[in-house]
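As provided, target-v3.txt (compact mmCIF, N, CA and C atoms) reads as follows.
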```txt
# COMPACT_ATOMS: atom_id res chain seq x y z
N MET F 252 0.85 -1.16 0.00
CA MET F 252 0.00 0.00 0.00
C MET F 252 0.90 1.23 0.00
N GLY F 253 0.83 2.08 -1.04
CA GLY F 253 1.67 3.27 -1.15
C GLY F 253 1.14 4.41 -0.32
N GLN F 254 2.06 5.20 0.16
CA GLN F 254 1.69 6.37 0.96
C GLN F 254 2.11 7.61 0.19
N ASP F 255 1.20 8.58 0.09
CA ASP F 255 1.52 9.82 -0.61
C ASP F 255 2.55 10.61 0.19
N LEU F 256 3.53 11.14 -0.51
CA LEU F 256 4.53 11.99 0.12
C LEU F 256 3.97 13.40 0.28
N ILE F 257 4.21 14.01 1.42
CA ILE F 257 3.78 15.37 1.65
C ILE F 257 4.66 16.31 0.81
N TYR F 258 4.04 17.24 0.12
CA TYR F 258 4.74 18.22 -0.73
C TYR F 258 5.71 17.53 -1.69
N LYS F 259 5.23 16.48 -2.35
CA LYS F 259 6.06 15.65 -3.20
C LYS F 259 6.77 16.44 -4.30
N GLU F 260 6.00 17.18 -5.11
CA GLU F 260 6.60 17.90 -6.23
C GLU F 260 7.58 18.96 -5.76
N GLU F 261 7.20 19.69 -4.72
CA GLU F 261 8.07 20.75 -4.20
C GLU F 261 9.38 20.19 -3.67
N SER F 262 9.28 19.10 -2.91
CA SER F 262 10.50 18.53 -2.33
C SER F 262 11.39 17.93 -3.42
N TYR F 263 10.81 17.34 -4.47
CA TYR F 263 11.62 16.83 -5.57
C TYR F 263 12.38 17.95 -6.26
N LYS F 264 11.73 19.10 -6.44
CA LYS F 264 12.41 20.24 -7.06
C LYS F 264 13.56 20.73 -6.18
N ILE F 265 13.33 20.80 -4.89
CA ILE F 265 14.37 21.25 -3.96
C ILE F 265 15.56 20.29 -3.98
N ILE F 266 15.28 18.99 -3.87
CA ILE F 266 16.35 17.99 -3.88
C ILE F 266 17.08 18.01 -5.22
N GLY F 267 16.34 18.20 -6.30
CA GLY F 267 16.98 18.31 -7.62
C GLY F 267 17.95 19.47 -7.68
N ALA F 268 17.56 20.60 -7.11
CA ALA F 268 18.45 21.76 -7.06
C ALA F 268 19.69 21.44 -6.23
N CYS F 269 19.51 20.71 -5.14
CA CYS F 269 20.64 20.31 -4.30
C CYS F 269 21.60 19.40 -5.07
N PHE F 270 21.04 18.45 -5.83
CA PHE F 270 21.88 17.58 -6.65
C PHE F 270 22.66 18.38 -7.68
N ASN F 271 22.03 19.39 -8.27
CA ASN F 271 22.73 20.24 -9.25
C ASN F 271 23.93 20.93 -8.61
N VAL F 272 23.73 21.45 -7.40
CA VAL F 272 24.84 22.11 -6.70
C VAL F 272 25.94 21.11 -6.39
N TYR F 273 25.55 19.93 -5.92
CA TYR F 273 26.55 18.91 -5.57
C TYR F 273 27.32 18.47 -6.81
N LYS F 274 26.61 18.30 -7.92
CA LYS F 274 27.24 17.87 -9.16
C LYS F 274 28.28 18.90 -9.62
N THR F 275 27.99 20.17 -9.42
CA THR F 275 28.90 21.23 -9.85
C THR F 275 30.03 21.47 -8.86
N MET F 276 29.71 21.49 -7.57
CA MET F 276 30.69 21.87 -6.55
C MET F 276 31.38 20.69 -5.87
N GLY F 277 30.71 19.53 -5.85
CA GLY F 277 31.27 18.39 -5.13
C GLY F 277 31.22 18.62 -3.63
N CYS F 278 31.97 17.81 -2.89
CA CYS F 278 32.01 17.99 -1.44
C CYS F 278 33.33 18.65 -1.05
N GLY F 279 33.41 19.13 0.18
CA GLY F 279 34.66 19.70 0.65
C GLY F 279 34.61 21.16 1.02
N PHE F 280 33.51 21.83 0.71
CA PHE F 280 33.37 23.24 1.07
C PHE F 280 32.61 23.37 2.39
N LEU F 281 32.65 24.55 2.97
CA LEU F 281 31.89 24.84 4.18
C LEU F 281 30.44 25.17 3.83
N GLU F 282 29.57 25.06 4.82
CA GLU F 282 28.13 25.30 4.60
C GLU F 282 27.81 26.63 3.91
N PRO F 283 28.46 27.75 4.28
CA PRO F 283 28.10 29.02 3.63
C PRO F 283 28.29 29.01 2.11
N VAL F 284 29.24 28.23 1.61
CA VAL F 284 29.44 28.12 0.16
C VAL F 284 28.23 27.44 -0.47
N TYR F 285 27.79 26.34 0.13
CA TYR F 285 26.62 25.64 -0.41
C TYR F 285 25.36 26.48 -0.25
N GLN F 286 25.26 27.23 0.82
CA GLN F 286 24.12 28.12 1.04
C GLN F 286 24.01 29.11 -0.13
N GLU F 287 25.13 29.73 -0.47
CA GLU F 287 25.13 30.71 -1.56
C GLU F 287 24.82 30.06 -2.90
N CYS F 288 25.41 28.89 -3.13
CA CYS F 288 25.14 28.16 -4.38
C CYS F 288 23.67 27.79 -4.49
N LEU F 289 23.08 27.34 -3.38
CA LEU F 289 21.66 26.97 -3.40
C LEU F 289 20.77 28.17 -3.65
N GLU F 290 21.13 29.32 -3.11
CA GLU F 290 20.35 30.53 -3.40
C GLU F 290 20.31 30.79 -4.90
N ILE F 291 21.46 30.64 -5.55
CA ILE F 291 21.54 30.83 -7.01
C ILE F 291 20.71 29.76 -7.72
N GLU F 292 20.86 28.51 -7.30
CA GLU F 292 20.16 27.40 -7.95
C GLU F 292 18.65 27.49 -7.75
N PHE F 293 18.21 27.86 -6.54
CA PHE F 293 16.77 28.02 -6.30
C PHE F 293 16.20 29.10 -7.22
N GLU F 294 16.94 30.18 -7.40
CA GLU F 294 16.49 31.24 -8.33
C GLU F 294 16.36 30.69 -9.74
N LYS F 295 17.39 29.95 -10.19
CA LYS F 295 17.38 29.38 -11.54
C LYS F 295 16.21 28.42 -11.74
N CYS F 296 15.86 27.69 -10.69
CA CYS F 296 14.80 26.68 -10.77
C CYS F 296 13.42 27.23 -10.41
N ASN F 297 13.34 28.54 -10.19
CA ASN F 297 12.07 29.17 -9.79
C ASN F 297 11.47 28.55 -8.54
N ILE F 298 12.31 28.25 -7.58
CA ILE F 298 11.86 27.73 -6.30
C ILE F 298 11.76 28.90 -5.33
N PRO F 299 10.55 29.22 -4.88
CA PRO F 299 10.43 30.33 -3.93
C PRO F 299 11.09 29.97 -2.59
N PHE F 300 11.94 30.87 -2.10
CA PHE F 300 12.67 30.58 -0.87
C PHE F 300 12.99 31.86 -0.11
N GLU F 301 13.26 31.66 1.17
CA GLU F 301 13.83 32.71 2.00
C GLU F 301 15.01 32.10 2.73
N SER F 302 16.09 32.83 2.78
CA SER F 302 17.31 32.35 3.42
C SER F 302 17.40 32.91 4.84
N GLN F 303 17.56 32.01 5.81
CA GLN F 303 17.73 32.36 7.21
C GLN F 303 16.63 33.28 7.75
N LYS F 304 15.41 33.00 7.35
CA LYS F 304 14.24 33.75 7.83
C LYS F 304 13.97 33.42 9.30
N GLU F 305 13.72 34.44 10.09
CA GLU F 305 13.41 34.21 11.50
C GLU F 305 12.01 33.61 11.64
N ILE F 306 11.93 32.51 12.37
CA ILE F 306 10.66 31.83 12.61
C ILE F 306 10.44 31.77 14.11
N LYS F 307 9.25 32.18 14.54
CA LYS F 307 8.93 32.15 15.96
C LYS F 307 8.74 30.71 16.43
N LEU F 308 9.21 30.46 17.63
CA LEU F 308 9.07 29.14 18.24
C LEU F 308 7.93 29.18 19.25
N GLN F 309 7.30 28.04 19.43
CA GLN F 309 6.18 27.91 20.36
C GLN F 309 6.51 26.87 21.42
N TYR F 310 6.06 27.15 22.62
CA TYR F 310 6.12 26.16 23.69
C TYR F 310 4.78 26.19 24.41
N ASP F 311 4.08 25.08 24.37
CA ASP F 311 2.81 24.96 25.08
C ASP F 311 1.85 26.10 24.72
N GLY F 312 1.84 26.44 23.42
CA GLY F 312 0.94 27.48 22.93
C GLY F 312 1.43 28.90 23.16
N ILE F 313 2.62 29.04 23.72
CA ILE F 313 3.16 30.37 24.01
C ILE F 313 4.34 30.64 23.08
N THR F 314 4.35 31.83 22.47
CA THR F 314 5.45 32.21 21.59
C THR F 314 6.68 32.57 22.42
N LEU F 315 7.81 31.97 22.06
CA LEU F 315 9.06 32.21 22.78
C LEU F 315 9.77 33.46 22.27
N LYS F 316 10.65 34.00 23.09
CA LYS F 316 11.47 35.15 22.69
C LYS F 316 12.52 34.73 21.67
N HIS F 317 13.04 33.53 21.83
CA HIS F 317 14.06 33.03 20.91
C HIS F 317 13.41 32.66 19.58
N VAL F 318 14.15 32.86 18.52
CA VAL F 318 13.67 32.51 17.19
C VAL F 318 14.60 31.46 16.59
N TYR F 319 14.11 30.82 15.56
CA TYR F 319 14.86 29.81 14.82
C TYR F 319 15.09 30.37 13.42
N LYS F 320 16.30 30.22 12.92
CA LYS F 320 16.63 30.68 11.57
C LYS F 320 17.10 29.49 10.75
N PRO F 321 16.16 28.84 10.05
CA PRO F 321 16.57 27.71 9.21
C PRO F 321 17.43 28.21 8.06
N ASP F 322 18.23 27.32 7.51
CA ASP F 322 19.04 27.71 6.36
C ASP F 322 18.14 28.23 5.25
N PHE F 323 17.04 27.52 4.99
CA PHE F 323 16.06 27.96 3.99
C PHE F 323 14.65 27.59 4.42
N THR F 324 13.70 28.41 4.04
CA THR F 324 12.31 27.99 3.97
C THR F 324 11.93 28.10 2.50
N CYS F 325 11.32 27.06 1.98
CA CYS F 325 10.94 27.02 0.56
C CYS F 325 9.43 26.83 0.45
N TYR F 326 8.85 27.50 -0.51
CA TYR F 326 7.40 27.42 -0.75
C TYR F 326 6.60 27.82 0.48
N GLU F 327 7.20 28.52 1.41
CA GLU F 327 6.57 28.95 2.65
C GLU F 327 6.04 27.80 3.49
N LYS F 328 6.55 26.57 3.23
CA LYS F 328 6.03 25.42 3.97
C LYS F 328 7.04 24.29 4.19
N ILE F 329 8.26 24.45 3.67
CA ILE F 329 9.27 23.40 3.81
C ILE F 329 10.54 24.02 4.40
N ILE F 330 11.06 23.40 5.45
CA ILE F 330 12.34 23.81 6.03
C ILE F 330 13.45 23.01 5.36
N VAL F 331 14.52 23.68 4.97
CA VAL F 331 15.69 23.01 4.41
C VAL F 331 16.89 23.36 5.29
N GLU F 332 17.47 22.34 5.88
CA GLU F 332 18.67 22.49 6.70
C GLU F 332 19.83 21.85 5.95
N ILE F 333 20.91 22.59 5.77
CA ILE F 333 22.05 22.03 5.05
C ILE F 333 23.21 21.78 6.01
N LYS F 334 23.96 20.75 5.68
CA LYS F 334 25.17 20.39 6.44
C LYS F 334 26.29 20.14 5.43
N ALA F 335 27.52 20.21 5.93
CA ALA F 335 28.69 19.88 5.12
C ALA F 335 29.61 19.03 6.00
N VAL F 336 29.13 17.83 6.31
CA VAL F 336 29.82 16.91 7.21
C VAL F 336 29.98 15.56 6.52
N SER F 337 30.87 14.71 7.04
CA SER F 337 31.10 13.43 6.37
C SER F 337 29.87 12.52 6.39
N ASN F 338 29.11 12.56 7.48
CA ASN F 338 27.89 11.75 7.58
C ASN F 338 26.86 12.45 8.45
N LEU F 339 25.59 12.28 8.10
CA LEU F 339 24.52 12.79 8.95
C LEU F 339 24.43 11.90 10.19
N ILE F 340 24.25 12.52 11.32
CA ILE F 340 24.12 11.76 12.56
C ILE F 340 22.72 12.00 13.15
N LYS F 341 22.35 11.15 14.08
CA LYS F 341 21.00 11.21 14.67
C LYS F 341 20.69 12.58 15.29
N GLU F 342 21.72 13.25 15.82
CA GLU F 342 21.49 14.56 16.43
C GLU F 342 20.98 15.58 15.42
N TYR F 343 21.49 15.52 14.18
CA TYR F 343 21.01 16.45 13.14
C TYR F 343 19.55 16.16 12.80
N GLU F 344 19.21 14.88 12.76
CA GLU F 344 17.82 14.50 12.48
C GLU F 344 16.92 14.97 13.62
N ALA F 345 17.36 14.75 14.86
CA ALA F 345 16.57 15.17 16.02
C ALA F 345 16.40 16.68 16.03
N GLN F 346 17.46 17.40 15.69
CA GLN F 346 17.40 18.86 15.65
C GLN F 346 16.36 19.32 14.64
N THR F 347 16.36 18.72 13.46
CA THR F 347 15.40 19.10 12.42
C THR F 347 13.98 18.77 12.87
N LEU F 348 13.78 17.61 13.47
CA LEU F 348 12.45 17.25 13.99
C LEU F 348 12.00 18.21 15.08
N ASN F 349 12.93 18.63 15.93
CA ASN F 349 12.59 19.60 16.97
C ASN F 349 12.14 20.92 16.36
N TYR F 350 12.82 21.35 15.29
CA TYR F 350 12.42 22.57 14.60
C TYR F 350 11.01 22.44 14.05
N LEU F 351 10.69 21.28 13.49
CA LEU F 351 9.34 21.07 12.97
C LEU F 351 8.32 21.09 14.10
N ASN F 352 8.66 20.46 15.21
CA ASN F 352 7.75 20.42 16.37
C ASN F 352 7.47 21.80 16.93
N ALA F 353 8.46 22.68 16.89
CA ALA F 353 8.33 24.00 17.50
C ALA F 353 7.80 25.06 16.53
N THR F 354 7.50 24.65 15.30
CA THR F 354 6.98 25.59 14.29
C THR F 354 5.72 25.00 13.67
N ASP F 355 5.17 25.68 12.69
CA ASP F 355 4.00 25.18 11.98
C ASP F 355 4.36 24.37 10.74
N PHE F 356 5.65 24.11 10.53
CA PHE F 356 6.08 23.39 9.34
C PHE F 356 5.89 21.89 9.55
N LYS F 357 5.57 21.18 8.46
CA LYS F 357 5.33 19.74 8.54
C LYS F 357 6.42 18.91 7.87
N LEU F 358 7.23 19.56 7.00
CA LEU F 358 8.28 18.84 6.27
C LEU F 358 9.60 19.57 6.40
N GLY F 359 10.63 18.81 6.76
CA GLY F 359 11.99 19.33 6.78
C GLY F 359 12.87 18.45 5.91
N LEU F 360 13.74 19.09 5.15
CA LEU F 360 14.71 18.36 4.35
C LEU F 360 16.09 18.63 4.95
N LEU F 361 16.76 17.57 5.34
CA LEU F 361 18.10 17.66 5.90
C LEU F 361 19.05 17.21 4.80
N VAL F 362 19.88 18.13 4.31
CA VAL F 362 20.72 17.87 3.13
C VAL F 362 22.19 18.01 3.52
N ASN F 363 22.98 16.99 3.17
CA ASN F 363 24.40 16.98 3.51
C ASN F 363 25.25 17.01 2.24
N PHE F 364 25.98 18.12 2.07
CA PHE F 364 26.86 18.27 0.92
C PHE F 364 28.26 17.74 1.19
N GLY F 365 28.56 17.34 2.41
CA GLY F 365 29.90 16.87 2.75
C GLY F 365 30.11 15.38 2.55
N HIS F 366 29.07 14.66 2.20
CA HIS F 366 29.15 13.21 2.04
C HIS F 366 29.75 12.86 0.68
N TYR F 367 30.67 11.90 0.66
CA TYR F 367 31.27 11.45 -0.60
C TYR F 367 30.95 9.98 -0.79
N PRO F 368 30.57 9.53 -1.95
CA PRO F 368 30.66 10.16 -3.27
C PRO F 368 29.36 10.79 -3.76
N LYS F 369 28.33 10.87 -2.93
CA LYS F 369 27.08 11.46 -3.43
C LYS F 369 26.39 12.27 -2.34
N LEU F 370 25.48 13.12 -2.78
CA LEU F 370 24.69 13.94 -1.87
C LEU F 370 23.88 13.03 -0.94
N GLU F 371 23.79 13.42 0.29
CA GLU F 371 23.01 12.66 1.28
C GLU F 371 21.86 13.56 1.74
N TYR F 372 20.65 13.01 1.81
CA TYR F 372 19.53 13.81 2.31
C TYR F 372 18.50 12.92 2.99
N LYS F 373 17.72 13.56 3.86
CA LYS F 373 16.64 12.86 4.56
C LYS F 373 15.42 13.76 4.60
N ARG F 374 14.26 13.15 4.41
CA ARG F 374 12.98 13.83 4.57
C ARG F 374 12.51 13.61 6.00
N MET F 375 12.21 14.68 6.68
CA MET F 375 11.72 14.59 8.05
C MET F 375 10.29 15.12 8.05
N VAL F 376 9.34 14.26 8.45
CA VAL F 376 7.92 14.62 8.38
C VAL F 376 7.29 14.51 9.75
N LEU F 377 6.45 15.49 10.07
CA LEU F 377 5.64 15.43 11.30
C LEU F 377 4.25 14.96 10.96
```
For this file, write the structure as structure tokens.
Amino acid sequence: MGQDLIYKEESYKIIGACFNVYKTMGCGFLEPVYQECLEIEFEKCNIPFESQKEIKLQYDGITLKHVYKPDFTCYEKIIVEIKAVSNLIKEYEAQTLNYLNATDFKLGLLVNFGHYPKLEYKRMVL
């Protein structure tokens, strides 16, 4: 029995843009380099995005003073967190899930440009 993916088309476009950046740049750079490359690629692919937009956090229905600044929000409904590390670890996944829990977002994409020989990514859904 197949399950529909949340924001399937949008997430495929985002991941496709990430693959384009990885194909061109490879691994070995720091996160800010990939951040800038993705901004260019998202523009080229007509993916609506905001870079490091402040998002209010909630606790028990109360808005916190602290804010969260994801690497990207795309389509006003998907969080994209980028890493440039050799492997994604459970802490990065937990961090992304915590961000989803504390916001109104339902889908987070955790993308690692530091993995060799290919791009590594995970879909995190609430």
Inset, instruction - Within chain F, find each residue whose DSSP state, derived from the backbone, is strand (DSSP E or B), and express the selection as a VMD selection string. - result: chain F and resid 300 to 302 306 to 310 313 to 319 323 to 325 329 to 334 358 to 363 371 to 376
Inset, instruction - Dig up all the protein and nucleic acid residues within 12 Å of (18.7, 13.9, 12.9) in the file frame, using only C-alpha atoms, and format them as a list in words. - result: Glu332, Ile333, Lys334, Asn338, Leu339, Ile340, Lys341, Glu342, Tyr343, Glu344, Ala345, Gln346, Thr347, Leu348, Asn349, Tyr350, Leu351, Gly359, Leu360, Leu361, Val362, Asn363, Tyr372, Lys373, Arg374, Met375 and Val376 of chain F
Legend entry - DSSP helix (DSSP H, G or I) residues within chain F, as a PyMOL selection string: chain F and resi 259-276+282-295+341-352
Let me see the file: selected residues, N, CA and C atoms, as a short mmCIF file (atom, residue, chain, number, x, y, z; two decimals), keeping the file's coordinate frame.
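Output below, filename out.cif:
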```
data_model
loop_
_atom_site.label_atom_id
_atom_site.label_comp_id
_atom_site.auth_asym_id
_atom_site.auth_seq_id
_atom_site.Cartn_x
_atom_site.Cartn_y
_atom_site.Cartn_z
N LYS F 259 5.23 16.48 -2.35
CA LYS F 259 6.06 15.65 -3.20
C LYS F 259 6.77 16.44 -4.30
N GLU F 260 6.00 17.18 -5.11
CA GLU F 260 6.60 17.90 -6.23
C GLU F 260 7.58 18.96 -5.76
N GLU F 261 7.20 19.69 -4.72
CA GLU F 261 8.07 20.75 -4.20
C GLU F 261 9.38 20.19 -3.67
N SER F 262 9.28 19.10 -2.91
CA SER F 262 10.50 18.53 -2.33
C SER F 262 11.39 17.93 -3.42
N TYR F 263 10.81 17.34 -4.47
CA TYR F 263 11.62 16.83 -5.57
C TYR F 263 12.38 17.95 -6.26
N LYS F 264 11.73 19.10 -6.44
CA LYS F 264 12.41 20.24 -7.06
C LYS F 264 13.56 20.73 -6.18
N ILE F 265 13.33 20.80 -4.89
CA ILE F 265 14.37 21.25 -3.96
C ILE F 265 15.56 20.29 -3.98
N ILE F 266 15.28 18.99 -3.87
CA ILE F 266 16.35 17.99 -3.88
C ILE F 266 17.08 18.01 -5.22
N GLY F 267 16.34 18.20 -6.30
CA GLY F 267 16.98 18.31 -7.62
C GLY F 267 17.95 19.47 -7.68
N ALA F 268 17.56 20.60 -7.11
CA ALA F 268 18.45 21.76 -7.06
C ALA F 268 19.69 21.44 -6.23
N CYS F 269 19.51 20.71 -5.14
CA CYS F 269 20.64 20.31 -4.30
C CYS F 269 21.60 19.40 -5.07
N PHE F 270 21.04 18.45 -5.83
CA PHE F 270 21.88 17.58 -6.65
C PHE F 270 22.66 18.38 -7.68
N ASN F 271 22.03 19.39 -8.27
CA ASN F 271 22.73 20.24 -9.25
C ASN F 271 23.93 20.93 -8.61
N VAL F 272 23.73 21.45 -7.40
CA VAL F 272 24.84 22.11 -6.70
C VAL F 272 25.94 21.11 -6.39
N TYR F 273 25.55 19.93 -5.92
CA TYR F 273 26.55 18.91 -5.57
C TYR F 273 27.32 18.47 -6.81
N LYS F 274 26.61 18.30 -7.92
CA LYS F 274 27.24 17.87 -9.16
C LYS F 274 28.28 18.90 -9.62
N THR F 275 27.99 20.17 -9.42
CA THR F 275 28.90 21.23 -9.85
C THR F 275 30.03 21.47 -8.86
N MET F 276 29.71 21.49 -7.57
CA MET F 276 30.69 21.87 -6.55
C MET F 276 31.38 20.69 -5.87
N GLU F 282 29.57 25.06 4.82
CA GLU F 282 28.13 25.30 4.60
C GLU F 282 27.81 26.63 3.91
N PRO F 283 28.46 27.75 4.28
CA PRO F 283 28.10 29.02 3.63
C PRO F 283 28.29 29.01 2.11
N VAL F 284 29.24 28.23 1.61
CA VAL F 284 29.44 28.12 0.16
C VAL F 284 28.23 27.44 -0.47
N TYR F 285 27.79 26.34 0.13
CA TYR F 285 26.62 25.64 -0.41
C TYR F 285 25.36 26.48 -0.25
N GLN F 286 25.26 27.23 0.82
CA GLN F 286 24.12 28.12 1.04
C GLN F 286 24.01 29.11 -0.13
N GLU F 287 25.13 29.73 -0.47
CA GLU F 287 25.13 30.71 -1.56
C GLU F 287 24.82 30.06 -2.90
N CYS F 288 25.41 28.89 -3.13
CA CYS F 288 25.14 28.16 -4.38
C CYS F 288 23.67 27.79 -4.49
N LEU F 289 23.08 27.34 -3.38
CA LEU F 289 21.66 26.97 -3.40
C LEU F 289 20.77 28.17 -3.65
N GLU F 290 21.13 29.32 -3.11
CA GLU F 290 20.35 30.53 -3.40
C GLU F 290 20.31 30.79 -4.90
N ILE F 291 21.46 30.64 -5.55
CA ILE F 291 21.54 30.83 -7.01
C ILE F 291 20.71 29.76 -7.72
N GLU F 292 20.86 28.51 -7.30
CA GLU F 292 20.16 27.40 -7.95
C GLU F 292 18.65 27.49 -7.75
N PHE F 293 18.21 27.86 -6.54
CA PHE F 293 16.77 28.02 -6.30
C PHE F 293 16.20 29.10 -7.22
N GLU F 294 16.94 30.18 -7.40
CA GLU F 294 16.49 31.24 -8.33
C GLU F 294 16.36 30.69 -9.74
N LYS F 295 17.39 29.95 -10.19
CA LYS F 295 17.38 29.38 -11.54
C LYS F 295 16.21 28.42 -11.74
N LYS F 341 22.35 11.15 14.08
CA LYS F 341 21.00 11.21 14.67
C LYS F 341 20.69 12.58 15.29
N GLU F 342 21.72 13.25 15.82
CA GLU F 342 21.49 14.56 16.43
C GLU F 342 20.98 15.58 15.42
N TYR F 343 21.49 15.52 14.18
CA TYR F 343 21.01 16.45 13.14
C TYR F 343 19.55 16.16 12.80
N GLU F 344 19.21 14.88 12.76
CA GLU F 344 17.82 14.50 12.48
C GLU F 344 16.92 14.97 13.62
N ALA F 345 17.36 14.75 14.86
CA ALA F 345 16.57 15.17 16.02
C ALA F 345 16.40 16.68 16.03
N GLN F 346 17.46 17.40 15.69
CA GLN F 346 17.40 18.86 15.65
C GLN F 346 16.36 19.32 14.64
N THR F 347 16.36 18.72 13.46
CA THR F 347 15.40 19.10 12.42
C THR F 347 13.98 18.77 12.87
N LEU F 348 13.78 17.61 13.47
CA LEU F 348 12.45 17.25 13.99
C LEU F 348 12.00 18.21 15.08
N ASN F 349 12.93 18.63 15.93
CA ASN F 349 12.59 19.60 16.97
C ASN F 349 12.14 20.92 16.36
N TYR F 350 12.82 21.35 15.29
CA TYR F 350 12.42 22.57 14.60
C TYR F 350 11.01 22.44 14.05
N LEU F 351 10.69 21.28 13.49
CA LEU F 351 9.34 21.07 12.97
C LEU F 351 8.32 21.09 14.10
N ASN F 352 8.66 20.46 15.21
CA ASN F 352 7.75 20.42 16.37
C ASN F 352 7.47 21.80 16.93
#
```
Inset, instruction - Check the smallest atom-to-atom distance from each of F:Glu260, F:Asp311, F:Glu305, F:Asp322 to Ala353 of chain F using only C-alpha atoms, then report the winner. - result: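 Closest candidate: F:Asp311.
Counting all atoms listed in the file and comparing F:Leu308, F:Val318, F:Ile330, F:Ile313, the residue that lies closest to Thr354 of chain F is F:Leu308.
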Legend entry - Between atom CA of Leu370 of chain F and atom C of Ile306 of chain F - distance in Å to one decimal: 27.9 Å
